[in-house]
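For reference, data_8.txt is printed below; it contains compact mmCIF, N, CA and C atoms.
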```
# COMPACT_ATOMS: atom_id res chain seq x y z
N ASP Y 1 -0.98 -97.21 36.45
CA ASP Y 1 -0.73 -96.00 35.69
C ASP Y 1 0.53 -95.28 36.12
N LEU Y 2 1.35 -95.90 36.93
CA LEU Y 2 2.55 -95.27 37.45
C LEU Y 2 3.78 -95.83 36.75
N LEU Y 3 4.65 -94.94 36.31
CA LEU Y 3 5.90 -95.34 35.68
C LEU Y 3 7.03 -94.58 36.35
N LEU Y 4 8.03 -95.31 36.84
CA LEU Y 4 9.21 -94.71 37.45
C LEU Y 4 10.33 -94.70 36.42
N LEU Y 5 10.83 -93.50 36.13
CA LEU Y 5 11.96 -93.36 35.22
C LEU Y 5 13.17 -92.93 36.02
N TYR Y 6 14.24 -93.68 35.91
CA TYR Y 6 15.52 -93.32 36.50
C TYR Y 6 16.38 -92.85 35.34
N VAL Y 7 16.56 -91.54 35.23
CA VAL Y 7 17.23 -90.96 34.06
C VAL Y 7 18.64 -90.53 34.45
N GLY Y 8 19.62 -91.00 33.70
CA GLY Y 8 21.00 -90.62 33.93
C GLY Y 8 21.88 -91.84 34.09
N PRO Y 9 23.18 -91.61 34.06
CA PRO Y 9 24.11 -92.74 34.16
C PRO Y 9 24.10 -93.35 35.56
N GLU Y 10 24.48 -94.60 35.63
CA GLU Y 10 24.63 -95.29 36.91
C GLU Y 10 25.96 -94.85 37.50
N ARG Y 11 25.91 -93.97 38.48
CA ARG Y 11 27.14 -93.40 39.05
C ARG Y 11 27.77 -94.28 40.11
N GLU Y 12 26.98 -95.13 40.71
CA GLU Y 12 27.48 -96.04 41.73
C GLU Y 12 27.32 -97.45 41.20
N LEU Y 13 28.43 -98.14 41.00
CA LEU Y 13 28.41 -99.49 40.44
C LEU Y 13 27.47 -100.39 41.24
N GLY Y 14 26.56 -101.05 40.57
CA GLY Y 14 25.63 -101.96 41.20
C GLY Y 14 24.35 -101.32 41.70
N TYR Y 15 24.22 -100.00 41.55
CA TYR Y 15 23.04 -99.28 42.06
C TYR Y 15 21.77 -99.75 41.35
N LYS Y 16 21.85 -99.86 40.05
CA LYS Y 16 20.68 -100.30 39.27
C LYS Y 16 20.25 -101.70 39.70
N SER Y 17 21.19 -102.61 39.85
CA SER Y 17 20.87 -103.96 40.29
C SER Y 17 20.24 -103.97 41.67
N LYS Y 18 20.77 -103.11 42.55
CA LYS Y 18 20.23 -103.00 43.91
C LYS Y 18 18.77 -102.53 43.87
N LEU Y 19 18.48 -101.51 43.06
CA LEU Y 19 17.11 -101.02 42.95
C LEU Y 19 16.17 -102.08 42.37
N MET Y 20 16.63 -102.76 41.35
CA MET Y 20 15.80 -103.79 40.72
C MET Y 20 15.56 -104.94 41.70
N SER Y 21 16.56 -105.28 42.48
CA SER Y 21 16.41 -106.33 43.48
C SER Y 21 15.38 -105.93 44.54
N MET Y 22 15.43 -104.67 44.95
CA MET Y 22 14.47 -104.18 45.95
C MET Y 22 13.05 -104.24 45.40
N ALA Y 23 12.88 -104.04 44.11
CA ALA Y 23 11.55 -104.06 43.50
C ALA Y 23 11.19 -105.45 42.99
N GLY Y 24 12.11 -106.39 43.11
CA GLY Y 24 11.95 -107.72 42.54
C GLY Y 24 10.66 -108.44 42.90
N GLY Y 25 10.22 -108.32 44.13
CA GLY Y 25 9.00 -108.99 44.53
C GLY Y 25 7.76 -108.17 44.27
N SER Y 26 7.94 -107.01 43.70
CA SER Y 26 6.83 -106.09 43.52
C SER Y 26 6.21 -106.26 42.15
N LYS Y 27 4.90 -106.04 42.11
CA LYS Y 27 4.21 -106.04 40.82
C LYS Y 27 4.59 -104.82 39.99
N MET Y 28 5.31 -103.86 40.61
CA MET Y 28 5.73 -102.63 39.93
C MET Y 28 6.99 -102.82 39.08
N LEU Y 29 7.62 -103.97 39.16
CA LEU Y 29 8.89 -104.19 38.45
C LEU Y 29 8.80 -103.82 36.97
N ASN Y 30 7.68 -104.09 36.35
CA ASN Y 30 7.50 -103.76 34.92
C ASN Y 30 7.25 -102.28 34.70
N ASN Y 31 7.09 -101.51 35.77
CA ASN Y 31 6.83 -100.08 35.65
C ASN Y 31 8.06 -99.24 35.98
N ILE Y 32 9.22 -99.86 35.97
CA ILE Y 32 10.48 -99.16 36.25
C ILE Y 32 11.33 -99.20 34.99
N ARG Y 33 11.81 -98.04 34.58
CA ARG Y 33 12.68 -97.95 33.39
C ARG Y 33 13.94 -97.17 33.76
N PHE Y 34 15.06 -97.65 33.25
CA PHE Y 34 16.33 -96.96 33.42
C PHE Y 34 16.73 -96.36 32.08
N ILE Y 35 16.92 -95.06 32.07
CA ILE Y 35 17.30 -94.34 30.86
C ILE Y 35 18.74 -93.87 31.07
N PRO Y 36 19.69 -94.37 30.26
CA PRO Y 36 21.08 -93.94 30.44
C PRO Y 36 21.26 -92.48 30.05
N HIS Y 37 22.48 -92.01 30.09
CA HIS Y 37 22.76 -90.62 29.71
C HIS Y 37 22.03 -90.29 28.42
N ASN Y 38 21.46 -89.10 28.39
CA ASN Y 38 20.64 -88.71 27.26
C ASN Y 38 20.82 -87.21 27.01
N ASP Y 39 21.03 -86.83 25.77
CA ASP Y 39 21.20 -85.42 25.43
C ASP Y 39 19.87 -84.67 25.33
N ARG Y 40 18.76 -85.36 25.42
CA ARG Y 40 17.43 -84.73 25.33
C ARG Y 40 16.65 -84.95 26.62
N VAL Y 41 17.28 -84.68 27.75
CA VAL Y 41 16.66 -84.95 29.05
C VAL Y 41 15.37 -84.15 29.25
N GLU Y 42 15.22 -83.03 28.54
CA GLU Y 42 14.00 -82.23 28.68
C GLU Y 42 12.76 -83.02 28.29
N VAL Y 43 12.91 -83.99 27.41
CA VAL Y 43 11.79 -84.83 27.01
C VAL Y 43 11.23 -85.57 28.22
N TYR Y 44 12.12 -86.04 29.09
CA TYR Y 44 11.68 -86.79 30.27
C TYR Y 44 11.06 -85.87 31.32
N TYR Y 45 11.58 -84.65 31.43
CA TYR Y 45 10.93 -83.69 32.33
C TYR Y 45 9.52 -83.39 31.85
N GLN Y 46 9.35 -83.26 30.55
CA GLN Y 46 8.03 -82.95 29.98
C GLN Y 46 7.05 -84.10 30.17
N MET Y 47 7.55 -85.32 30.24
CA MET Y 47 6.70 -86.49 30.44
C MET Y 47 6.27 -86.65 31.89
N ALA Y 48 7.03 -86.06 32.80
CA ALA Y 48 6.85 -86.33 34.23
C ALA Y 48 5.77 -85.48 34.88
N ASP Y 49 5.27 -85.99 35.99
CA ASP Y 49 4.37 -85.24 36.86
C ASP Y 49 5.10 -84.82 38.14
N ILE Y 50 6.07 -85.62 38.56
CA ILE Y 50 6.80 -85.40 39.80
C ILE Y 50 8.28 -85.67 39.56
N PHE Y 51 9.12 -84.90 40.24
CA PHE Y 51 10.56 -85.12 40.20
C PHE Y 51 11.03 -85.42 41.62
N CYS Y 52 11.78 -86.52 41.77
CA CYS Y 52 12.30 -86.89 43.10
C CYS Y 52 13.83 -86.90 43.05
N LEU Y 53 14.43 -86.30 44.06
CA LEU Y 53 15.88 -86.30 44.22
C LEU Y 53 16.21 -86.64 45.67
N PRO Y 54 16.06 -87.91 46.04
CA PRO Y 54 16.31 -88.31 47.44
C PRO Y 54 17.79 -88.59 47.69
N SER Y 55 18.60 -87.56 47.64
CA SER Y 55 20.05 -87.69 47.75
C SER Y 55 20.52 -87.61 49.19
N ALA Y 56 21.66 -88.27 49.43
CA ALA Y 56 22.32 -88.17 50.74
C ALA Y 56 23.18 -86.92 50.80
N ARG Y 57 23.64 -86.45 49.64
CA ARG Y 57 24.44 -85.22 49.58
C ARG Y 57 24.36 -84.65 48.16
N GLU Y 58 24.43 -83.34 48.08
CA GLU Y 58 24.36 -82.64 46.79
C GLU Y 58 25.14 -81.34 46.91
N GLY Y 59 25.44 -80.75 45.77
CA GLY Y 59 25.91 -79.38 45.72
C GLY Y 59 24.69 -78.56 45.34
N MET Y 60 24.76 -77.89 44.21
CA MET Y 60 23.58 -77.23 43.65
C MET Y 60 23.16 -78.11 42.47
N PRO Y 61 22.18 -78.97 42.66
CA PRO Y 61 21.84 -79.97 41.65
C PRO Y 61 21.19 -79.38 40.41
N ASN Y 62 21.89 -79.50 39.28
CA ASN Y 62 21.33 -79.03 38.01
C ASN Y 62 20.01 -79.73 37.69
N SER Y 63 19.93 -81.01 38.00
CA SER Y 63 18.70 -81.74 37.68
C SER Y 63 17.50 -81.14 38.41
N LEU Y 64 17.70 -80.67 39.63
CA LEU Y 64 16.60 -80.04 40.37
C LEU Y 64 16.24 -78.69 39.75
N LEU Y 65 17.24 -77.91 39.38
CA LEU Y 65 16.98 -76.64 38.69
C LEU Y 65 16.20 -76.88 37.40
N GLU Y 66 16.61 -77.90 36.65
CA GLU Y 66 15.94 -78.22 35.38
C GLU Y 66 14.50 -78.66 35.62
N ALA Y 67 14.29 -79.49 36.64
CA ALA Y 67 12.94 -79.97 36.95
C ALA Y 67 12.03 -78.81 37.35
N MET Y 68 12.56 -77.91 38.18
CA MET Y 68 11.77 -76.75 38.60
C MET Y 68 11.44 -75.88 37.39
N ALA Y 69 12.43 -75.67 36.51
CA ALA Y 69 12.22 -74.86 35.31
C ALA Y 69 11.25 -75.53 34.34
N SER Y 70 11.09 -76.83 34.46
CA SER Y 70 10.14 -77.57 33.62
C SER Y 70 8.74 -77.58 34.21
N GLY Y 71 8.58 -76.95 35.37
CA GLY Y 71 7.27 -76.87 35.99
C GLY Y 71 6.84 -78.15 36.68
N LEU Y 72 7.79 -78.80 37.35
CA LEU Y 72 7.46 -80.04 38.06
C LEU Y 72 7.41 -79.82 39.56
N ALA Y 73 6.52 -80.55 40.21
CA ALA Y 73 6.53 -80.63 41.66
C ALA Y 73 7.75 -81.48 42.03
N CYS Y 74 8.54 -81.00 42.98
CA CYS Y 74 9.80 -81.67 43.31
C CYS Y 74 9.80 -82.17 44.75
N ILE Y 75 10.36 -83.35 44.93
CA ILE Y 75 10.53 -83.94 46.25
C ILE Y 75 12.02 -84.15 46.46
N VAL Y 76 12.55 -83.58 47.55
CA VAL Y 76 13.98 -83.66 47.83
C VAL Y 76 14.20 -84.03 49.29
N THR Y 77 15.43 -84.41 49.59
CA THR Y 77 15.85 -84.66 50.96
C THR Y 77 16.52 -83.40 51.49
N PRO Y 78 16.61 -83.25 52.82
CA PRO Y 78 17.16 -82.01 53.40
C PRO Y 78 18.68 -81.95 53.33
N VAL Y 79 19.19 -81.76 52.11
CA VAL Y 79 20.62 -81.64 51.90
C VAL Y 79 20.94 -80.29 51.25
N SER Y 80 22.18 -79.89 51.38
CA SER Y 80 22.66 -78.63 50.81
C SER Y 80 22.27 -78.55 49.34
N GLY Y 81 21.92 -77.39 48.89
CA GLY Y 81 21.52 -77.18 47.50
C GLY Y 81 20.04 -77.41 47.32
N SER Y 82 19.57 -78.59 47.67
CA SER Y 82 18.15 -78.90 47.52
C SER Y 82 17.28 -78.03 48.42
N VAL Y 83 17.67 -77.90 49.69
CA VAL Y 83 16.86 -77.08 50.60
C VAL Y 83 17.06 -75.59 50.33
N ASP Y 84 18.08 -75.23 49.58
CA ASP Y 84 18.25 -73.84 49.16
C ASP Y 84 17.27 -73.49 48.05
N LEU Y 85 16.79 -74.50 47.34
CA LEU Y 85 15.88 -74.29 46.22
C LEU Y 85 14.42 -74.57 46.56
N ILE Y 86 14.17 -75.58 47.36
CA ILE Y 86 12.81 -76.02 47.65
C ILE Y 86 12.38 -75.57 49.03
N GLU Y 87 11.27 -74.83 49.09
CA GLU Y 87 10.66 -74.48 50.37
C GLU Y 87 9.56 -75.51 50.62
N ASP Y 88 9.70 -76.25 51.70
CA ASP Y 88 8.78 -77.34 51.99
C ASP Y 88 7.33 -76.88 52.01
N ASN Y 89 6.52 -77.61 51.28
CA ASN Y 89 5.08 -77.38 51.21
C ASN Y 89 4.70 -76.07 50.52
N VAL Y 90 5.67 -75.47 49.80
CA VAL Y 90 5.40 -74.26 49.03
C VAL Y 90 5.83 -74.47 47.59
N SER Y 91 7.11 -74.79 47.39
CA SER Y 91 7.62 -75.03 46.04
C SER Y 91 8.00 -76.49 45.84
N GLY Y 92 7.62 -77.34 46.79
CA GLY Y 92 7.92 -78.75 46.71
C GLY Y 92 7.81 -79.38 48.08
N SER Y 93 8.37 -80.56 48.21
CA SER Y 93 8.35 -81.28 49.48
C SER Y 93 9.76 -81.69 49.88
N VAL Y 94 10.08 -81.49 51.14
CA VAL Y 94 11.36 -81.92 51.70
C VAL Y 94 11.05 -83.10 52.61
N VAL Y 95 11.67 -84.23 52.33
CA VAL Y 95 11.38 -85.47 53.06
C VAL Y 95 12.65 -85.99 53.73
N ALA Y 96 12.48 -86.65 54.87
CA ALA Y 96 13.63 -87.10 55.64
C ALA Y 96 13.93 -88.59 55.51
N ASP Y 97 12.94 -89.38 55.12
CA ASP Y 97 13.14 -90.83 55.07
C ASP Y 97 12.23 -91.44 54.01
N ILE Y 98 12.35 -92.75 53.87
CA ILE Y 98 11.60 -93.45 52.81
C ILE Y 98 10.09 -93.36 53.02
N ASP Y 99 9.66 -93.38 54.28
CA ASP Y 99 8.21 -93.29 54.54
C ASP Y 99 7.66 -91.92 54.15
N SER Y 100 8.40 -90.86 54.47
CA SER Y 100 7.91 -89.53 54.09
C SER Y 100 8.03 -89.32 52.58
N LEU Y 101 9.00 -89.97 51.93
CA LEU Y 101 9.10 -89.92 50.47
C LEU Y 101 7.87 -90.57 49.85
N ARG Y 102 7.54 -91.75 50.34
CA ARG Y 102 6.36 -92.46 49.84
C ARG Y 102 5.10 -91.61 50.04
N SER Y 103 4.97 -91.02 51.22
CA SER Y 103 3.79 -90.19 51.52
C SER Y 103 3.70 -88.98 50.59
N ALA Y 104 4.86 -88.35 50.34
CA ALA Y 104 4.86 -87.17 49.46
C ALA Y 104 4.46 -87.54 48.04
N ILE Y 105 4.96 -88.66 47.55
CA ILE Y 105 4.60 -89.11 46.20
C ILE Y 105 3.10 -89.39 46.15
N GLU Y 106 2.60 -90.13 47.12
CA GLU Y 106 1.17 -90.46 47.15
C GLU Y 106 0.31 -89.20 47.24
N ARG Y 107 0.75 -88.23 48.05
CA ARG Y 107 -0.01 -86.99 48.21
C ARG Y 107 -0.06 -86.21 46.90
N TYR Y 108 1.08 -86.11 46.20
CA TYR Y 108 1.10 -85.40 44.92
C TYR Y 108 0.23 -86.10 43.87
N LEU Y 109 0.22 -87.42 43.89
CA LEU Y 109 -0.61 -88.14 42.92
C LEU Y 109 -2.09 -88.01 43.25
N ARG Y 110 -2.41 -87.93 44.52
CA ARG Y 110 -3.80 -87.85 44.96
C ARG Y 110 -4.36 -86.43 44.88
N VAL Y 111 -3.53 -85.43 45.21
CA VAL Y 111 -4.00 -84.04 45.29
C VAL Y 111 -3.36 -83.23 44.15
N ARG Y 112 -3.99 -83.32 43.00
CA ARG Y 112 -3.47 -82.67 41.79
C ARG Y 112 -3.28 -81.17 41.97
N GLU Y 113 -4.22 -80.52 42.63
CA GLU Y 113 -4.15 -79.06 42.82
C GLU Y 113 -2.90 -78.66 43.59
N MET Y 114 -2.54 -79.43 44.61
CA MET Y 114 -1.34 -79.12 45.38
C MET Y 114 -0.09 -79.34 44.52
N ARG Y 115 -0.08 -80.43 43.78
CA ARG Y 115 1.06 -80.70 42.90
C ARG Y 115 1.26 -79.57 41.90
N LEU Y 116 0.18 -79.11 41.30
CA LEU Y 116 0.27 -78.03 40.32
C LEU Y 116 0.67 -76.70 40.96
N ALA Y 117 0.17 -76.44 42.17
CA ALA Y 117 0.52 -75.19 42.87
C ALA Y 117 2.00 -75.18 43.24
N HIS Y 118 2.52 -76.31 43.75
CA HIS Y 118 3.94 -76.39 44.09
C HIS Y 118 4.81 -76.27 42.84
N ALA Y 119 4.37 -76.90 41.76
CA ALA Y 119 5.12 -76.82 40.50
C ALA Y 119 5.16 -75.38 39.98
N ALA Y 120 4.03 -74.69 40.05
CA ALA Y 120 3.98 -73.29 39.59
C ALA Y 120 4.88 -72.41 40.44
N HIS Y 121 4.88 -72.63 41.74
CA HIS Y 121 5.73 -71.82 42.62
C HIS Y 121 7.21 -72.10 42.34
N ALA Y 122 7.55 -73.38 42.10
CA ALA Y 122 8.93 -73.73 41.77
C ALA Y 122 9.39 -73.03 40.49
N LEU Y 123 8.52 -72.98 39.51
CA LEU Y 123 8.85 -72.28 38.25
C LEU Y 123 9.06 -70.80 38.50
N GLU Y 124 8.24 -70.20 39.34
CA GLU Y 124 8.41 -68.78 39.68
C GLU Y 124 9.74 -68.53 40.40
N VAL Y 125 10.14 -69.44 41.27
CA VAL Y 125 11.45 -69.32 41.94
C VAL Y 125 12.56 -69.30 40.91
N ILE Y 126 12.49 -70.18 39.94
CA ILE Y 126 13.51 -70.24 38.89
C ILE Y 126 13.54 -68.94 38.10
N LYS Y 127 12.38 -68.45 37.70
CA LYS Y 127 12.31 -67.20 36.93
C LYS Y 127 12.85 -66.03 37.72
N ALA Y 128 12.53 -65.97 39.01
CA ALA Y 128 12.92 -64.83 39.84
C ALA Y 128 14.40 -64.86 40.23
N LYS Y 129 14.96 -66.04 40.45
CA LYS Y 129 16.31 -66.12 41.00
C LYS Y 129 17.36 -66.73 40.08
N TYR Y 130 16.94 -67.57 39.13
CA TYR Y 130 17.92 -68.35 38.38
C TYR Y 130 17.76 -68.25 36.87
N SER Y 131 17.06 -67.26 36.39
CA SER Y 131 16.93 -67.09 34.94
C SER Y 131 18.29 -66.71 34.36
N LEU Y 132 18.44 -66.90 33.08
CA LEU Y 132 19.69 -66.55 32.41
C LEU Y 132 20.03 -65.09 32.63
N GLU Y 133 19.03 -64.22 32.50
CA GLU Y 133 19.25 -62.79 32.67
C GLU Y 133 19.71 -62.46 34.09
N ARG Y 134 19.04 -63.07 35.07
CA ARG Y 134 19.37 -62.82 36.48
C ARG Y 134 20.78 -63.28 36.81
N VAL Y 135 21.15 -64.48 36.37
CA VAL Y 135 22.48 -65.02 36.65
C VAL Y 135 23.55 -64.22 35.92
N ALA Y 136 23.30 -63.85 34.67
CA ALA Y 136 24.27 -63.05 33.91
C ALA Y 136 24.48 -61.69 34.58
N ARG Y 137 23.39 -61.06 35.01
CA ARG Y 137 23.49 -59.77 35.70
C ARG Y 137 24.32 -59.90 36.98
N ALA Y 138 24.10 -60.95 37.75
CA ALA Y 138 24.86 -61.17 38.99
C ALA Y 138 26.34 -61.37 38.70
N HIS Y 139 26.65 -62.09 37.64
CA HIS Y 139 28.05 -62.29 37.26
C HIS Y 139 28.69 -60.97 36.84
N LEU Y 140 27.99 -60.18 36.04
CA LEU Y 140 28.52 -58.89 35.63
C LEU Y 140 28.79 -57.98 36.83
N GLU Y 141 27.85 -57.96 37.78
CA GLU Y 141 28.04 -57.16 38.98
C GLU Y 141 29.26 -57.63 39.77
N LEU Y 142 29.45 -58.93 39.84
CA LEU Y 142 30.61 -59.48 40.53
C LEU Y 142 31.90 -59.09 39.82
N PHE Y 143 31.93 -59.22 38.51
CA PHE Y 143 33.13 -58.85 37.73
C PHE Y 143 33.45 -57.36 37.88
N ARG Y 144 32.41 -56.54 37.86
CA ARG Y 144 32.63 -55.10 38.05
C ARG Y 144 33.19 -54.80 39.43
N ALA Y 145 32.66 -55.46 40.43
CA ALA Y 145 33.13 -55.25 41.80
C ALA Y 145 34.60 -55.68 41.95
N ILE Y 146 34.97 -56.77 41.30
CA ILE Y 146 36.34 -57.26 41.38
C ILE Y 146 37.30 -56.31 40.66
N THR Y 147 36.91 -55.81 39.50
CA THR Y 147 37.80 -54.94 38.73
C THR Y 147 37.95 -53.56 39.38
N CYS Y 148 36.99 -53.19 40.23
CA CYS Y 148 37.08 -51.88 40.91
C CYS Y 148 37.90 -51.95 42.18
N MET Y 149 38.34 -53.10 42.56
CA MET Y 149 39.10 -53.25 43.81
C MET Y 149 40.50 -52.75 43.69
```
Could I get this file's structure written as structure tokens?
Amino acid sequence: DLLLLYVGPERELGYKSKLMSMAGGSKMLNNIRFIPHNDRVEVYYQMADIFCLPSAREGMPNSLLEAMASGLACIVTPVSGSVDLIEDNVSGSVVADIDSLRSAIERYLRVREMRLAHAAHALEVIKAKYSLERVARAHLELFRAITCM
């Protein structure tokens, strides 16, 4: 009952082949789908139960903001941007390696209540700090401060 969707363009040449090769001996190979660039990415957020962003480096990842705003439990690595958004074991899970990533995925699939609680908290973080109104207000305050200098 598990389906892994990799949504977005292949940014590193050969990455898709590398992932498929790693899963090659697995019975899960038929449960992996690659979705290229898509203008309706919200459809995939709505289909998902969990969002994973196991990056080696990030800025402020839009995909993570979008996943949180879609009410998903999120799993990230401890990199800039991601740890600014996700509080471990409150609004998601912060993992350091492949074993802790696997454990976090298994835990979210096994403990529905925790997954839903983390997802709800992530959505509240977005509403409180990153809503359109909040960001627009912060920009206006910045512009006013600059013009008064």
Please, which residues in range 105-129 of chain Y fall within 12 Å of range 42-57 of chain Y when counting only C-alpha atoms, and what is the closest atom pair and distance in Å to one decimal for each, ordered by chain then residue number, as a Markdown table?
```
| residue | atom | partner | partner_atom | distance |
| --- | --- | --- | --- | --- |
| Y:Ile105 | CA | Y:Ile50 | CA | 7.7 |
| Y:Glu106 | CA | Y:Ile50 | CA | 10.6 |
| Y:Arg107 | CA | Y:Ile50 | CA | 10.9 |
| Y:Tyr108 | CA | Y:Ile50 | CA | 7.7 |
| Y:Leu109 | CA | Y:Asp49 | CA | 8.4 |
| Y:Arg110 | CA | Y:Asp49 | CA | 11.8 |
| Y:Val111 | CA | Y:Asp49 | CA | 11.9 |
| Y:Arg112 | CA | Y:Asp49 | CA | 9.6 |
| Y:Met114 | CA | Y:Ile50 | CA | 11.7 |
| Y:Arg115 | CA | Y:Ile50 | CA | 8.0 |
| Y:Leu116 | CA | Y:Asp49 | CA | 9.0 |
| Y:His118 | CA | Y:Ile50 | CA | 10.4 |
| Y:Ala119 | CA | Y:Ile50 | CA | 8.8 |
| Y:Ala122 | CA | Y:Phe51 | CA | 11.6 |
```
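Straight-line separation from CA of Asn38 in chain Y to CA of Asp97 in chain Y: 28.9 Å.
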**Message:** For the structure I just gave you, how does DSSP split range 40-122 of chain Y - specifically, which residues are helix (DSSP H, G or I)? Reply as a ChimeraX atom specification.
**Reply:** /Y:42-47,62-69,82-85,98-110,112-122
**Request:** From a DSSP pass on the backbone, collect the residues of range 27-147 of chain Y flagged as strand (DSSP E or B) and hand them back as a PyMOL selection string.
**Result:** chain Y and resi 32-35+50-53+73-76+88+92-94
**Item:** Proximity to Met68 in chain Y - best of Y:Arg134, Y:His139, Y:Arg33, Y:Lys129, only C-alpha atoms
**Value:** Y:Lys129
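Taking CA of Ala67 in chain Y and CA of Lys18 in chain Y as the two end points, the separation is 25.1 Å.
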Could you name the residues that touch range 80-89 of chain Y at 8 Å or less, counting all atoms listed in the file, but leaving out those on the same chain fewer than 4 positions away, as a CSV table (one decimal) with N, CA and C atoms, keeping the file's coordinate frame?
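Result file follows (around.csv):
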```csv
chain,number,residue,atom,x,y,z
Y,56,ALA,N,21.7,-88.3,49.4
Y,56,ALA,CA,22.3,-88.2,50.7
Y,56,ALA,C,23.2,-86.9,50.8
Y,57,ARG,N,23.6,-86.4,49.6
Y,57,ARG,CA,24.4,-85.2,49.6
Y,57,ARG,C,24.4,-84.6,48.2
Y,58,GLU,N,24.4,-83.3,48.1
Y,58,GLU,CA,24.4,-82.6,46.8
Y,58,GLU,C,25.1,-81.3,46.9
Y,59,GLY,N,25.4,-80.8,45.8
Y,59,GLY,CA,25.9,-79.4,45.7
Y,59,GLY,C,24.7,-78.6,45.3
Y,60,MET,N,24.8,-77.9,44.2
Y,60,MET,CA,23.6,-77.2,43.6
Y,60,MET,C,23.2,-78.1,42.5
Y,61,PRO,N,22.2,-79.0,42.7
Y,61,PRO,CA,21.8,-80.0,41.6
Y,61,PRO,C,21.2,-79.4,40.4
Y,64,LEU,N,17.7,-80.7,39.6
Y,64,LEU,CA,16.6,-80.0,40.4
Y,64,LEU,C,16.2,-78.7,39.8
Y,65,LEU,N,17.2,-77.9,39.4
Y,65,LEU,CA,17.0,-76.6,38.7
Y,65,LEU,C,16.2,-76.9,37.4
Y,74,CYS,N,8.5,-81.0,43.0
Y,74,CYS,CA,9.8,-81.7,43.3
Y,74,CYS,C,9.8,-82.2,44.8
Y,76,VAL,N,12.6,-83.6,47.6
Y,76,VAL,CA,14.0,-83.7,47.8
Y,76,VAL,C,14.2,-84.0,49.3
Y,93,SER,N,8.4,-80.6,48.2
Y,93,SER,CA,8.4,-81.3,49.5
Y,93,SER,C,9.8,-81.7,49.9
Y,94,VAL,N,10.1,-81.5,51.1
Y,94,VAL,CA,11.4,-81.9,51.7
Y,94,VAL,C,11.0,-83.1,52.6
Y,95,VAL,N,11.7,-84.2,52.3
Y,95,VAL,CA,11.4,-85.5,53.1
Y,95,VAL,C,12.6,-86.0,53.7
Y,117,ALA,N,0.2,-76.4,42.2
Y,117,ALA,CA,0.5,-75.2,42.9
Y,117,ALA,C,2.0,-75.2,43.2
Y,118,HIS,N,2.5,-76.3,43.8
Y,118,HIS,CA,3.9,-76.4,44.1
Y,118,HIS,C,4.8,-76.3,42.8
Y,122,ALA,N,7.6,-73.4,42.1
Y,122,ALA,CA,8.9,-73.7,41.8
Y,122,ALA,C,9.4,-73.0,40.5
Y,125,VAL,N,10.1,-69.4,41.3
Y,125,VAL,CA,11.4,-69.3,41.9
Y,125,VAL,C,12.6,-69.3,40.9
```
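For the pair atom N of Ile98 in chain Y and CA of Tyr15 in chain Y, the separation is 17.2 Å.
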